[in-house]
Amino acid sequence: MLRYKQSKGFVFKPAQSEKIISLAEVTKLGTQVFDNAENFRLWLFTPSFALGSVAPKDLLKDSYGKELVINELGRIEHGIFA
C-alpha cells in the first residue's frame with residue numbers, strides 16, 4: 001500500500017479494495033478480542049489446533065478462510081477454546 005500511496009491519483013481496483021477491507025475487518029476484530037495489536041499478531045502467526053494446526057494468517061487468502069478466522073475469533077471472545 002505504501003508503494004501505491006506514492007503514485008499520485010492511484011485508485012485500487014475493486015478486488016484489491018475488497019481484500020483490504022476484508023483484512024481491516026479481521027484486524028479490527030482481532031485487536032478487540034486480544035486487547036492489542038501485538039497479542040493479535042502473535043495469535044495470527046501461531047498455528048492453531050482449532051484451525052487444523054494452520055496459522056490463521058495462512059487462511060486469509062480467500063473469503064472462506066477469512067470466515068474461519070472470524071468464527072474462531074468469535075469463539076475465543078466467548079471463551080470457547082477448541
# chains A, B, ... in the order shown; residues from 1 in each chain; ligands from 1
$ select_by_dssp --residues "region 5-82 of chain A" --states "alpha helix (DSSP H)" --output "NGL selection string"
:A and (5 or 14-34 or 37-44 or 56-59 or 63-77)
$ closest_residue --among "A:Phe34, A:Phe40, A:Tyr4, A:Phe12" --to "Gly79 (chain A)" --atoms "only C-alpha atoms"
A:Phe34
$ atom_distance --atom1 "CA of Val33 (chain A)" --atom2 "CA of Gly74 (chain A)"
8.1 Å
$ residues_around --residues "Lys66 (chain A)" --least-positions-apart "6" --cutoff "12 Å" --atoms "only C-alpha atoms" --output "PyMOL selection string"
chain A and resi 19+21-27+29-30+44+51+56-60+72-73
